[in-house]
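Visitor: My file is start_34.pdb. It has PDB, C-alpha atoms, pLDDT in the B column:
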```
ATOM      1  CA  MET A 271       0.000   0.000   0.000  1.00 46.00           C
ATOM      2  CA  THR A 272       1.428   3.355  -0.958  1.00 52.00           C
ATOM      3  CA  ASN A 273      -1.067   5.583   0.867  1.00 67.00           C
ATOM      4  CA  PRO A 274      -0.215   6.155   4.528  1.00 84.00           C
ATOM      5  CA  THR A 275      -2.724   3.920   6.247  1.00 92.00           C
ATOM      6  CA  SER A 276      -2.583   1.878   9.410  1.00 95.00           C
ATOM      7  CA  ARG A 277      -5.050  -0.926   9.596  1.00 95.00           C
ATOM      8  CA  PHE A 278      -5.777  -3.986  11.687  1.00 95.00           C
ATOM      9  CA  VAL A 279      -8.425  -6.622  10.994  1.00 96.00           C
ATOM     10  CA  TYR A 280      -9.800  -8.841  13.737  1.00 96.00           C
ATOM     11  CA  VAL A 281     -11.889 -11.929  13.051  1.00 96.00           C
ATOM     12  CA  THR A 282     -13.574 -14.285  15.462  1.00 95.00           C
ATOM     13  CA  TYR A 283     -16.126 -17.052  14.918  1.00 95.00           C
ATOM     14  CA  ILE A 284     -18.857 -17.274  17.546  1.00 95.00           C
ATOM     15  CA  ARG A 285     -21.436 -20.013  17.962  1.00 95.00           C
ATOM     16  CA  THR A 286     -24.472 -17.740  18.205  1.00 96.00           C
ATOM     17  CA  THR A 287     -26.963 -15.994  15.917  1.00 96.00           C
ATOM     18  CA  PRO A 288     -26.411 -12.681  14.103  1.00 97.00           C
ATOM     19  CA  GLU A 289     -29.296 -11.191  16.138  1.00 97.00           C
ATOM     20  CA  LEU A 290     -27.802 -12.150  19.515  1.00 96.00           C
ATOM     21  CA  LEU A 291     -24.375 -10.906  18.430  1.00 97.00           C
ATOM     22  CA  TRP A 292     -25.923  -7.639  17.225  1.00 98.00           C
ATOM     23  CA  ALA A 293     -27.642  -7.189  20.586  1.00 97.00           C
ATOM     24  CA  ALA A 294     -24.389  -7.875  22.451  1.00 97.00           C
ATOM     25  CA  LEU A 295     -22.599  -5.268  20.320  1.00 98.00           C
ATOM     26  CA  THR A 296     -25.209  -2.506  20.483  1.00 98.00           C
ATOM     27  CA  ASP A 297     -26.788  -2.864  23.925  1.00 97.00           C
ATOM     28  CA  ALA A 298     -24.989  -0.813  26.595  1.00 96.00           C
ATOM     29  CA  GLU A 299     -25.911  -3.168  29.441  1.00 95.00           C
ATOM     30  CA  ARG A 300     -24.588  -6.156  27.470  1.00 95.00           C
ATOM     31  CA  ASN A 301     -21.433  -4.171  26.551  1.00 96.00           C
ATOM     32  CA  LYS A 302     -20.705  -3.729  30.260  1.00 95.00           C
ATOM     33  CA  LEU A 303     -20.434  -7.514  30.640  1.00 93.00           C
ATOM     34  CA  TYR A 304     -17.452  -7.889  28.300  1.00 94.00           C
ATOM     35  CA  TRP A 305     -16.035  -4.505  27.088  1.00 95.00           C
ATOM     36  CA  LEU A 306     -13.323  -4.407  29.805  1.00 93.00           C
ATOM     37  CA  GLY A 307     -15.354  -2.076  32.004  1.00 91.00           C
ATOM     38  CA  ALA A 308     -16.509   0.285  29.242  1.00 96.00           C
ATOM     39  CA  TRP A 309     -19.644   0.547  27.092  1.00 97.00           C
ATOM     40  CA  GLN A 310     -20.831   2.212  23.905  1.00 98.00           C
ATOM     41  CA  ARG A 311     -23.417   4.995  23.943  1.00 98.00           C
ATOM     42  CA  SER A 312     -25.404   5.552  20.731  1.00 98.00           C
ATOM     43  CA  ASP A 313     -28.912   5.498  19.263  1.00 98.00           C
ATOM     44  CA  TRP A 314     -27.465   3.228  16.535  1.00 98.00           C
ATOM     45  CA  THR A 315     -29.026   5.114  13.630  1.00 98.00           C
ATOM     46  CA  GLU A 316     -27.186   6.533  10.622  1.00 98.00           C
ATOM     47  CA  GLY A 317     -25.562   9.845  11.548  1.00 98.00           C
ATOM     48  CA  ALA A 318     -26.136   9.343  15.286  1.00 98.00           C
ATOM     49  CA  ASP A 319     -23.480  10.266  17.812  1.00 98.00           C
ATOM     50  CA  TRP A 320     -21.456   7.388  19.160  1.00 98.00           C
ATOM     51  CA  ALA A 321     -19.140   7.151  22.174  1.00 98.00           C
ATOM     52  CA  ILE A 322     -17.256   4.715  24.358  1.00 98.00           C
ATOM     53  CA  VAL A 323     -17.728   5.562  28.030  1.00 98.00           C
ATOM     54  CA  ARG A 324     -15.585   4.055  30.766  1.00 95.00           C
ATOM     55  CA  GLY A 325     -16.950   2.774  34.055  1.00 90.00           C
ATOM     56  CA  ASN A 326     -15.895   5.986  35.831  1.00 93.00           C
ATOM     57  CA  GLY A 327     -17.929   8.048  33.338  1.00 94.00           C
ATOM     58  CA  GLU A 328     -14.852   9.202  31.413  1.00 96.00           C
ATOM     59  CA  LEU A 329     -15.296   9.653  27.647  1.00 97.00           C
ATOM     60  CA  ALA A 330     -12.764   7.337  25.974  1.00 97.00           C
ATOM     61  CA  ASP A 331     -13.767   7.741  22.323  1.00 98.00           C
ATOM     62  CA  SER A 332     -16.437   9.614  20.386  1.00 98.00           C
ATOM     63  CA  GLY A 333     -17.708   9.928  16.832  1.00 98.00           C
ATOM     64  CA  GLN A 334     -20.673   9.099  14.644  1.00 98.00           C
ATOM     65  CA  ILE A 335     -22.398   6.130  13.060  1.00 98.00           C
ATOM     66  CA  LEU A 336     -21.606   6.460   9.347  1.00 98.00           C
ATOM     67  CA  GLU A 337     -23.487   3.372   8.157  1.00 98.00           C
ATOM     68  CA  ILE A 338     -25.686   0.883   9.914  1.00 98.00           C
ATOM     69  CA  GLU A 339     -27.473  -2.193   8.578  1.00 98.00           C
ATOM     70  CA  LYS A 340     -28.984  -4.428  11.238  1.00 97.00           C
ATOM     71  CA  PRO A 341     -27.816  -7.161  11.931  1.00 97.00           C
ATOM     72  CA  ARG A 342     -24.957  -7.083   9.432  1.00 98.00           C
ATOM     73  CA  ARG A 343     -22.812  -3.978   9.344  1.00 98.00           C
ATOM     74  CA  ILE A 344     -21.827  -0.885  11.359  1.00 98.00           C
ATOM     75  CA  VAL A 345     -19.338   1.777  10.245  1.00 98.00           C
ATOM     76  CA  ILE A 346     -18.121   4.155  12.969  1.00 98.00           C
ATOM     77  CA  ARG A 347     -16.177   7.421  12.667  1.00 98.00           C
ATOM     78  CA  TRP A 348     -13.932   7.129  15.700  1.00 98.00           C
ATOM     79  CA  LEU A 349     -11.868   9.702  17.636  1.00 98.00           C
ATOM     80  CA  ASN A 350      -9.909   8.681  20.723  1.00 97.00           C
ATOM     81  CA  HIS A 351      -9.658  11.031  23.713  1.00 97.00           C
ATOM     82  CA  MET A 352      -7.614   8.958  26.145  1.00 94.00           C
ATOM     83  CA  ARG A 353      -4.168  10.242  25.128  1.00 95.00           C
ATOM     84  CA  PRO A 354      -3.311  13.586  23.436  1.00 96.00           C
ATOM     85  CA  GLU A 355      -1.110  11.897  20.820  1.00 97.00           C
ATOM     86  CA  LEU A 356      -3.928   9.503  19.873  1.00 97.00           C
ATOM     87  CA  GLU A 357      -6.491  12.309  19.688  1.00 97.00           C
ATOM     88  CA  ALA A 358      -4.057  14.291  17.483  1.00 97.00           C
ATOM     89  CA  GLU A 359      -4.130  11.518  14.870  1.00 98.00           C
ATOM     90  CA  GLY A 360      -7.752  12.456  14.087  1.00 97.00           C
ATOM     91  CA  PHE A 361     -10.640  10.239  13.064  1.00 98.00           C
ATOM     92  CA  ALA A 362     -10.267   6.533  12.460  1.00 98.00           C
ATOM     93  CA  ARG A 363     -12.808   4.329  10.709  1.00 98.00           C
ATOM     94  CA  CYS A 364     -14.096   1.133  12.264  1.00 98.00           C
ATOM     95  CA  VAL A 365     -16.114  -1.324  10.189  1.00 98.00           C
ATOM     96  CA  ILE A 366     -17.913  -4.099  12.068  1.00 98.00           C
ATOM     97  CA  GLU A 367     -19.382  -6.918   9.981  1.00 98.00           C
ATOM     98  CA  ILE A 368     -21.477  -9.893  11.007  1.00 98.00           C
ATOM     99  CA  GLU A 369     -21.831 -12.817   8.639  1.00 97.00           C
ATOM    100  CA  GLN A 370     -23.605 -16.144   9.103  1.00 97.00           C
ATOM    101  CA  VAL A 371     -21.288 -18.989   8.157  1.00 95.00           C
ATOM    102  CA  GLU A 372     -21.722 -22.728   8.604  1.00 91.00           C
ATOM    103  CA  GLY A 373     -22.290 -23.456  12.271  1.00 88.00           C
ATOM    104  CA  ALA A 374     -21.211 -20.034  13.536  1.00 94.00           C
ATOM    105  CA  VAL A 375     -21.299 -16.302  13.034  1.00 97.00           C
ATOM    106  CA  LYS A 376     -18.192 -14.576  11.702  1.00 97.00           C
ATOM    107  CA  LEU A 377     -17.467 -11.226  13.339  1.00 97.00           C
ATOM    108  CA  THR A 378     -14.984  -8.938  11.589  1.00 98.00           C
ATOM    109  CA  VAL A 379     -13.674  -5.682  13.047  1.00 97.00           C
ATOM    110  CA  ASP A 380     -11.675  -3.624  10.522  1.00 97.00           C
ATOM    111  CA  HIS A 381     -10.110  -0.585  12.203  1.00 97.00           C
ATOM    112  CA  SER A 382      -8.080   1.829  10.065  1.00 97.00           C
ATOM    113  CA  ILE A 383      -6.773   5.381   9.993  1.00 97.00           C
ATOM    114  CA  GLU A 384      -5.056   7.377   7.273  1.00 97.00           C
ATOM    115  CA  VAL A 385      -1.896   7.829   9.343  1.00 96.00           C
ATOM    116  CA  ALA A 386       1.360   5.923   8.845  1.00 94.00           C
ATOM    117  CA  ASP A 387       2.428   3.829  11.854  1.00 93.00           C
ATOM    118  CA  SER A 388      -0.606   5.014  13.805  1.00 96.00           C
ATOM    119  CA  GLN A 389      -0.295   4.866  17.583  1.00 96.00           C
ATOM    120  CA  LEU A 390      -4.075   4.583  17.836  1.00 96.00           C
ATOM    121  CA  ILE A 391      -4.187   1.424  15.711  1.00 95.00           C
ATOM    122  CA  GLN A 392      -1.276   0.067  17.757  1.00 93.00           C
ATOM    123  CA  ALA A 393      -3.077   0.911  21.012  1.00 94.00           C
ATOM    124  CA  VAL A 394      -6.407  -0.679  20.035  1.00 94.00           C
ATOM    125  CA  SER A 395      -4.623  -3.783  18.740  1.00 91.00           C
ATOM    126  CA  GLY A 396      -4.067  -4.676  22.392  1.00 88.00           C
ATOM    127  CA  GLY A 397      -7.713  -4.116  23.316  1.00 93.00           C
ATOM    128  CA  TRP A 398      -9.742  -5.631  20.477  1.00 96.00           C
ATOM    129  CA  PRO A 399      -8.480  -9.232  20.888  1.00 94.00           C
ATOM    130  CA  LYS A 400      -9.406  -9.154  24.600  1.00 92.00           C
ATOM    131  CA  ILE A 401     -12.838  -7.616  23.963  1.00 95.00           C
ATOM    132  CA  LEU A 402     -13.624 -10.078  21.157  1.00 95.00           C
ATOM    133  CA  SER A 403     -12.409 -13.083  23.171  1.00 92.00           C
ATOM    134  CA  ASN A 404     -14.601 -11.937  26.070  1.00 92.00           C
ATOM    135  CA  LEU A 405     -17.572 -11.417  23.748  1.00 95.00           C
ATOM    136  CA  LYS A 406     -17.139 -14.893  22.239  1.00 94.00           C
ATOM    137  CA  SER A 407     -16.845 -16.434  25.677  1.00 91.00           C
ATOM    138  CA  LEU A 408     -19.901 -14.535  26.969  1.00 93.00           C
ATOM    139  CA  LEU A 409     -22.107 -15.611  24.056  1.00 95.00           C
ATOM    140  CA  GLU A 410     -20.913 -19.229  24.041  1.00 94.00           C
ATOM    141  CA  THR A 411     -20.635 -19.913  27.770  1.00 91.00           C
ATOM    142  CA  GLY A 412     -22.329 -17.015  29.576  1.00 87.00           C
ATOM    143  CA  GLU A 413     -19.055 -16.051  31.240  1.00 81.00           C
ATOM    144  CA  VAL A 414     -16.153 -13.745  30.423  1.00 80.00           C
ATOM    145  CA  LEU A 415     -12.450 -14.511  30.868  1.00 71.00           C
ATOM    146  CA  LEU A 416     -11.091 -11.025  31.568  1.00 69.00           C
ATOM    147  CA  SER A 417     -12.787  -8.221  33.465  1.00 66.00           C
TER     148      SER A 417
ATOM    149  CA  MET B 193     -11.061 -23.679  13.482  1.00 68.00           C
ATOM    150  CA  THR B 194      -9.689 -25.440  16.524  1.00 79.00           C
ATOM    151  CA  ASP B 195      -6.477 -25.130  18.556  1.00 83.00           C
ATOM    152  CA  ASP B 196      -5.213 -28.062  16.471  1.00 90.00           C
ATOM    153  CA  ASP B 197      -5.714 -26.049  13.267  1.00 91.00           C
ATOM    154  CA  VAL B 198      -3.808 -23.128  14.771  1.00 92.00           C
ATOM    155  CA  PHE B 199      -0.862 -25.228  15.966  1.00 93.00           C
ATOM    156  CA  ARG B 200      -0.740 -27.192  12.703  1.00 95.00           C
ATOM    157  CA  ALA B 201      -0.736 -23.943  10.760  1.00 95.00           C
ATOM    158  CA  LEU B 202       2.099 -22.597  12.932  1.00 94.00           C
ATOM    159  CA  ALA B 203       4.150 -25.800  12.650  1.00 96.00           C
ATOM    160  CA  ASP B 204       5.659 -24.729   9.333  1.00 97.00           C
ATOM    161  CA  SER B 205       8.489 -22.265   8.880  1.00 95.00           C
ATOM    162  CA  SER B 206       7.144 -20.951   5.558  1.00 95.00           C
ATOM    163  CA  ARG B 207       3.817 -20.070   7.152  1.00 97.00           C
ATOM    164  CA  ARG B 208       5.533 -18.451  10.134  1.00 96.00           C
ATOM    165  CA  ALA B 209       7.609 -16.445   7.656  1.00 95.00           C
ATOM    166  CA  LEU B 210       4.401 -15.246   5.979  1.00 97.00           C
ATOM    167  CA  LEU B 211       3.001 -14.197   9.375  1.00 96.00           C
ATOM    168  CA  ASP B 212       6.255 -12.339  10.098  1.00 95.00           C
ATOM    169  CA  ARG B 213       5.920 -10.487   6.798  1.00 95.00           C
ATOM    170  CA  LEU B 214       2.362  -9.470   7.661  1.00 96.00           C
ATOM    171  CA  HIS B 215       3.455  -8.453  11.146  1.00 92.00           C
ATOM    172  CA  ALA B 216       6.075  -6.198   9.568  1.00 92.00           C
ATOM    173  CA  ARG B 217       3.546  -4.772   7.104  1.00 92.00           C
ATOM    174  CA  ASN B 218      -0.124  -5.563   7.458  1.00 93.00           C
ATOM    175  CA  GLY B 219      -2.577  -5.661   4.558  1.00 95.00           C
ATOM    176  CA  GLN B 220      -0.452  -7.056   1.721  1.00 96.00           C
ATOM    177  CA  THR B 221      -1.619  -8.556  -1.577  1.00 97.00           C
ATOM    178  CA  LEU B 222      -0.621 -12.048  -2.707  1.00 96.00           C
ATOM    179  CA  GLY B 223       1.871 -10.481  -5.128  1.00 96.00           C
ATOM    180  CA  GLU B 224       3.510  -8.408  -2.394  1.00 96.00           C
ATOM    181  CA  LEU B 225       3.725 -11.433  -0.101  1.00 96.00           C
ATOM    182  CA  CYS B 226       5.428 -13.461  -2.840  1.00 95.00           C
ATOM    183  CA  GLU B 227       8.136 -10.847  -3.472  1.00 93.00           C
ATOM    184  CA  GLY B 228      11.589 -12.062  -2.500  1.00 87.00           C
ATOM    185  CA  LEU B 229      10.347 -15.434  -1.266  1.00 89.00           C
ATOM    186  CA  ALA B 230      11.829 -18.678  -2.566  1.00 89.00           C
ATOM    187  CA  MET B 231       8.323 -20.102  -2.929  1.00 92.00           C
ATOM    188  CA  SER B 232       6.029 -20.430  -5.911  1.00 94.00           C
ATOM    189  CA  ARG B 233       2.882 -18.325  -6.044  1.00 95.00           C
ATOM    190  CA  GLN B 234       0.875 -21.555  -5.773  1.00 97.00           C
ATOM    191  CA  ALA B 235       2.731 -22.580  -2.626  1.00 97.00           C
ATOM    192  CA  VAL B 236       2.170 -19.172  -1.044  1.00 97.00           C
ATOM    193  CA  THR B 237      -1.539 -19.348  -1.963  1.00 97.00           C
ATOM    194  CA  LYS B 238      -1.795 -22.777  -0.328  1.00 97.00           C
ATOM    195  CA  HIS B 239      -0.036 -21.606   2.855  1.00 98.00           C
ATOM    196  CA  LEU B 240      -2.259 -18.515   3.050  1.00 98.00           C
ATOM    197  CA  GLY B 241      -5.312 -20.791   2.727  1.00 97.00           C
ATOM    198  CA  ILE B 242      -4.134 -22.896   5.684  1.00 97.00           C
ATOM    199  CA  LEU B 243      -3.443 -19.747   7.743  1.00 97.00           C
ATOM    200  CA  GLU B 244      -6.895 -18.348   6.902  1.00 96.00           C
ATOM    201  CA  GLN B 245      -8.551 -21.681   7.716  1.00 95.00           C
ATOM    202  CA  ALA B 246      -6.905 -21.481  11.161  1.00 95.00           C
ATOM    203  CA  ASN B 247      -8.142 -17.858  11.430  1.00 95.00           C
ATOM    204  CA  LEU B 248      -4.548 -16.659  11.826  1.00 96.00           C
ATOM    205  CA  ILE B 249      -5.032 -14.306   8.902  1.00 97.00           C
ATOM    206  CA  ALA B 250      -8.060 -12.394   7.657  1.00 97.00           C
ATOM    207  CA  THR B 251      -8.618 -11.178   4.112  1.00 97.00           C
ATOM    208  CA  ARG B 252     -10.445  -8.067   2.916  1.00 96.00           C
ATOM    209  CA  LYS B 253     -11.435  -7.157  -0.637  1.00 94.00           C
ATOM    210  CA  GLU B 254     -10.221  -3.732  -1.702  1.00 90.00           C
ATOM    211  CA  GLY B 255     -11.418  -3.022  -5.230  1.00 91.00           C
ATOM    212  CA  ARG B 256      -9.924  -5.833  -7.319  1.00 93.00           C
ATOM    213  CA  GLU B 257      -7.264  -6.616  -4.722  1.00 94.00           C
ATOM    214  CA  LYS B 258      -7.456  -9.088  -1.869  1.00 96.00           C
ATOM    215  CA  LEU B 259      -5.481  -7.857   1.138  1.00 97.00           C
ATOM    216  CA  HIS B 260      -4.132 -10.171   3.835  1.00 98.00           C
ATOM    217  CA  PHE B 261      -4.041  -9.170   7.505  1.00 97.00           C
ATOM    218  CA  ILE B 262      -2.561 -10.953  10.494  1.00 96.00           C
ATOM    219  CA  ASN B 263      -5.432 -11.701  12.887  1.00 95.00           C
ATOM    220  CA  PRO B 264      -4.357 -11.047  16.483  1.00 91.00           C
ATOM    221  CA  VAL B 265      -7.452 -12.658  18.062  1.00 91.00           C
ATOM    222  CA  PRO B 266      -6.448 -16.375  18.028  1.00 89.00           C
ATOM    223  CA  ILE B 267      -2.837 -15.443  18.785  1.00 86.00           C
ATOM    224  CA  ALA B 268      -3.950 -13.567  21.912  1.00 83.00           C
ATOM    225  CA  GLU B 269      -6.143 -16.520  22.910  1.00 82.00           C
ATOM    226  CA  ILE B 270      -3.226 -18.938  22.571  1.00 83.00           C
ATOM    227  CA  ALA B 271      -0.972 -16.587  24.533  1.00 79.00           C
ATOM    228  CA  ASP B 272      -3.556 -16.448  27.334  1.00 75.00           C
ATOM    229  CA  ARG B 273      -4.220 -20.171  27.275  1.00 77.00           C
ATOM    230  CA  TRP B 274      -0.653 -21.466  26.903  1.00 77.00           C
ATOM    231  CA  ILE B 275       1.756 -18.798  28.081  1.00 72.00           C
ATOM    232  CA  ARG B 276       0.289 -16.270  30.519  1.00 68.00           C
ATOM    233  CA  LYS B 277      -0.932 -18.929  32.911  1.00 68.00           C
ATOM    234  CA  PHE B 278       2.637 -20.107  33.433  1.00 68.00           C
ATOM    235  CA  GLU B 279       5.142 -17.989  35.309  1.00 60.00           C
ATOM    236  CA  ARG B 280       5.027 -14.900  33.129  1.00 65.00           C
ATOM    237  CA  PRO B 281       7.574 -12.755  35.056  1.00 69.00           C
ATOM    238  CA  GLN B 282      10.099 -15.585  35.003  1.00 71.00           C
ATOM    239  CA  LEU B 283       9.586 -16.139  31.287  1.00 70.00           C
ATOM    240  CA  ASP B 284      10.044 -12.407  30.682  1.00 74.00           C
ATOM    241  CA  ALA B 285      13.270 -12.445  32.718  1.00 76.00           C
ATOM    242  CA  LEU B 286      14.573 -15.451  30.797  1.00 77.00           C
ATOM    243  CA  ALA B 287      13.669 -13.847  27.454  1.00 77.00           C
ATOM    244  CA  ALA B 288      15.505 -10.651  28.498  1.00 80.00           C
ATOM    245  CA  LEU B 289      18.552 -12.672  29.563  1.00 81.00           C
ATOM    246  CA  LYS B 290      18.558 -14.533  26.241  1.00 81.00           C
ATOM    247  CA  ARG B 291      18.338 -11.218  24.345  1.00 81.00           C
ATOM    248  CA  ASP B 292      21.273  -9.814  26.333  1.00 80.00           C
ATOM    249  CA  LEU B 293      23.402 -12.910  25.862  1.00 83.00           C
ATOM    250  CA  GLU B 294      22.666 -13.074  22.157  1.00 82.00           C
ATOM    251  CA  GLY B 295      23.329  -9.372  21.773  1.00 76.00           C
ATOM    252  CA  GLU B 296      19.937  -8.545  20.275  1.00 59.00           C
ATOM    253  CA  ARG B 297      18.545  -5.078  20.791  1.00 54.00           C
ATOM    254  CA  GLU B 298      15.061  -3.933  19.901  1.00 49.00           C
TER     255      GLU B 298
END
```
Take the structure in this file and express it as structure tokens.

Guide:
Amino acid sequence: MTNPTSRFVYVTYIRTTPELLWAALTDAERNKLYWLGAWQRSDWTEGADWAIVRGNGELADSGQILEIEKPRRIVIRWLNHMRPELEAEGFARCVIEIEQVEGAVKLTVDHSIEVADSQLIQAVSGGWPKILSNLKSLLETGEVLLS
Amino acid sequence: MTDDDVFRALADSSRRALLDRLHARNGQTLGELCEGLAMSRQAVTKHLGILEQANLIATRKEGREKLHFINPVPIAEIADRWIRKFERPQLDALAALKRDLEGERE
């Protein structure tokens, strides 16, 4: 790739239904069970505001819902506020896709920003695997591994 | 994909080399991944298929190109399941000692 982009793609297969996975992703109370103490706040309509709020009420990230197609696809415009250098990188784009495959549901999170060697993409690459592993565990067993 | 798929996929130096290349630069095409490798395009395609089957890589369509990304999710799960539960601080100390003795610097 010649354009300066940083991008990570996360895929997990979960034995559930697209509807249950959609609910786990978009319901704040369900978020609190697996999102490492944080939750998303949004009306989940196109153009709506979107945020990640931490347990102490602190605003971690904010943005808007660019596209939404229940229960298949969400595109989020995403600005981090936790560290000045991450905020300075500007808006990232996060595409979440849900696809029914044989015996499971494939969840893809595609997080990118038009910044070379982005610190944001590096920072979230530590968080997404934990959140997705917790989400998988919650939907398949009713319990999470990491809190 | 099971743990067996993941370990089988990792038990091959060519496939580990492909993962290293994606770790160095994520989101490469098949052509880019083949550059400078002593492997045929067909062999690389086959290895990428095994890695994708094990969910160690993910692919995304970008126009006419198919881009390959290292998928950190199963790798993190294996690290939690097989490494972190053992004595992590001791392993870190041993890894640091090995780096010092072998003269490697990050």

Visitor: Report as a PyMOL selection string the set of chain A residues whose atoms approach chain B to within 10 Å, with distances computed over all atoms listed in the file.

Guide: chain A and resi 271+275-283+378+380+387+395-396+398-403+415

Visitor: Which residues match the PyMOL selection byres ((chain A and resi 306) around 12) in the file above, as a list in words?

Guide: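 Against this file, the PyMOL selection byres ((chain A and resi 306) around 12) returns the residues Arg300, Asn301, Lys302, Leu303, Tyr304, Trp305, Gly307, Ala308, Trp309, Gln310, Ile322, Val323, Arg324, Gly325, Gly396, Gly397, Trp398, Pro399, Lys400, Ile401, Leu402, Ser403, Asn404, Leu405, Val414, Leu415, Leu416 and Ser417 of chain A.
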
Visitor: Report the distance between CA of Ile366 in chain A and CA of Ala209 in chain B in Å, rounded to one decimal place.

Guide: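 Value for the CA of Ile366 in chain A-CA of Ala209 in chain B distance: 28.7 Å.
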
Visitor: Determine the residue set returned by the PyMOL selection byres ((chain A and resi 334-346) around 8) for the present structure, and present it as a list in words.

Guide: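 Written out, the selection comes to Pro288, Glu289, Trp292, Trp314, Thr315, Glu316, Gly317, Ala318, Asp319, Trp320, Ala321, Ser332, Gly333, Arg347, Trp348, Arg363, Cys364, Val365, Ile366, Glu367, Ile368 and Glu369 of chain A.
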
Visitor: For CA of Asn350 in chain A and CA of Val394 in chain A, determine how far apart the two atoms are, in Å to one decimal place.

Guide: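 CA of Val394 in chain A lies 10.0 Å from CA of Asn350 in chain A.
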
Visitor: For the atom pair CA of Phe199 in chain B and CA of Gly412 in chain A, what is the interatomic distance in Å to one decimal place?

Guide: 26.7 Å

Visitor: So for range 330-339 of chain A, what box centre and size do we get, axis-aligned, 6 Å extra on each of the six sides, every listed atom, Å to one decimal, as AutoDock Vina command-line options?

Guide:
```
--center_x -20.1 --center_y 3.9 --center_z 17.1 --size_x 26.7 --size_y 24.1 --size_z 29.8
```

Visitor: Running the PyMOL selection byres ((chain A and resi 353) around 12) on this model by hand, what would come out? Give it as a list of chain:residue names.

Guide: A:Leu329, A:Ala330, A:Asp331, A:Leu349, A:Asn350, A:His351, A:Met352, A:Pro354, A:Glu355, A:Leu356, A:Glu357, A:Ala358, A:Glu359, A:Gly360, A:Gln389, A:Leu390, A:Ala393

Visitor: Please provide the set of residues having any atom within 12 Å of Thr287 in chain A, restricted to only C-alpha atoms, with same-chain residues fewer than 4 positions apart removed, written as a list in words.

Guide: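 Neighbouring residues, sequence-local ones excluded: Tyr283, Leu291, Trp292, Ala293, Ala294, Pro341, Arg342, Ile368, Glu369, Gln370, Val371, Glu372, Gly373, Ala374, Val375, Lys376, Leu377, Lys406, Leu409 and Glu410 of chain A.
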
Visitor: Those residues with C-alpha atoms, as a short mmCIF file (atom, residue, chain, number, x, y, z; two decimals), in the frame of the given file please?

Guide:
```cif
data_model
loop_
_atom_site.label_atom_id
_atom_site.label_comp_id
_atom_site.auth_asym_id
_atom_site.auth_seq_id
_atom_site.Cartn_x
_atom_site.Cartn_y
_atom_site.Cartn_z
CA TYR A 283 -16.13 -17.05 14.92
CA LEU A 291 -24.38 -10.91 18.43
CA TRP A 292 -25.92 -7.64 17.23
CA ALA A 293 -27.64 -7.19 20.59
CA ALA A 294 -24.39 -7.88 22.45
CA PRO A 341 -27.82 -7.16 11.93
CA ARG A 342 -24.96 -7.08 9.43
CA ILE A 368 -21.48 -9.89 11.01
CA GLU A 369 -21.83 -12.82 8.64
CA GLN A 370 -23.60 -16.14 9.10
CA VAL A 371 -21.29 -18.99 8.16
CA GLU A 372 -21.72 -22.73 8.60
CA GLY A 373 -22.29 -23.46 12.27
CA ALA A 374 -21.21 -20.03 13.54
CA VAL A 375 -21.30 -16.30 13.03
CA LYS A 376 -18.19 -14.58 11.70
CA LEU A 377 -17.47 -11.23 13.34
CA LYS A 406 -17.14 -14.89 22.24
CA LEU A 409 -22.11 -15.61 24.06
CA GLU A 410 -20.91 -19.23 24.04
#
```

Visitor: Compare B:Glu227, B:Asp284, B:Asp204, B:Asp292 by their minimum atom-to-atom distance to Leu243 in chain B, counting all atoms listed in the file, and give me the closest one.

Guide: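 Using all atoms listed in the file, the shortest distance to Leu243 in chain B belongs to B:Asp204.
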
Visitor: Using all atoms listed in the file, which residue out of B:Lys258, B:Arg273, B:Lys253, B:Lys290 lies closest to Leu225 in chain B?

Guide: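 Closest to Leu225 in chain B, using all atoms listed in the file: B:Lys258.
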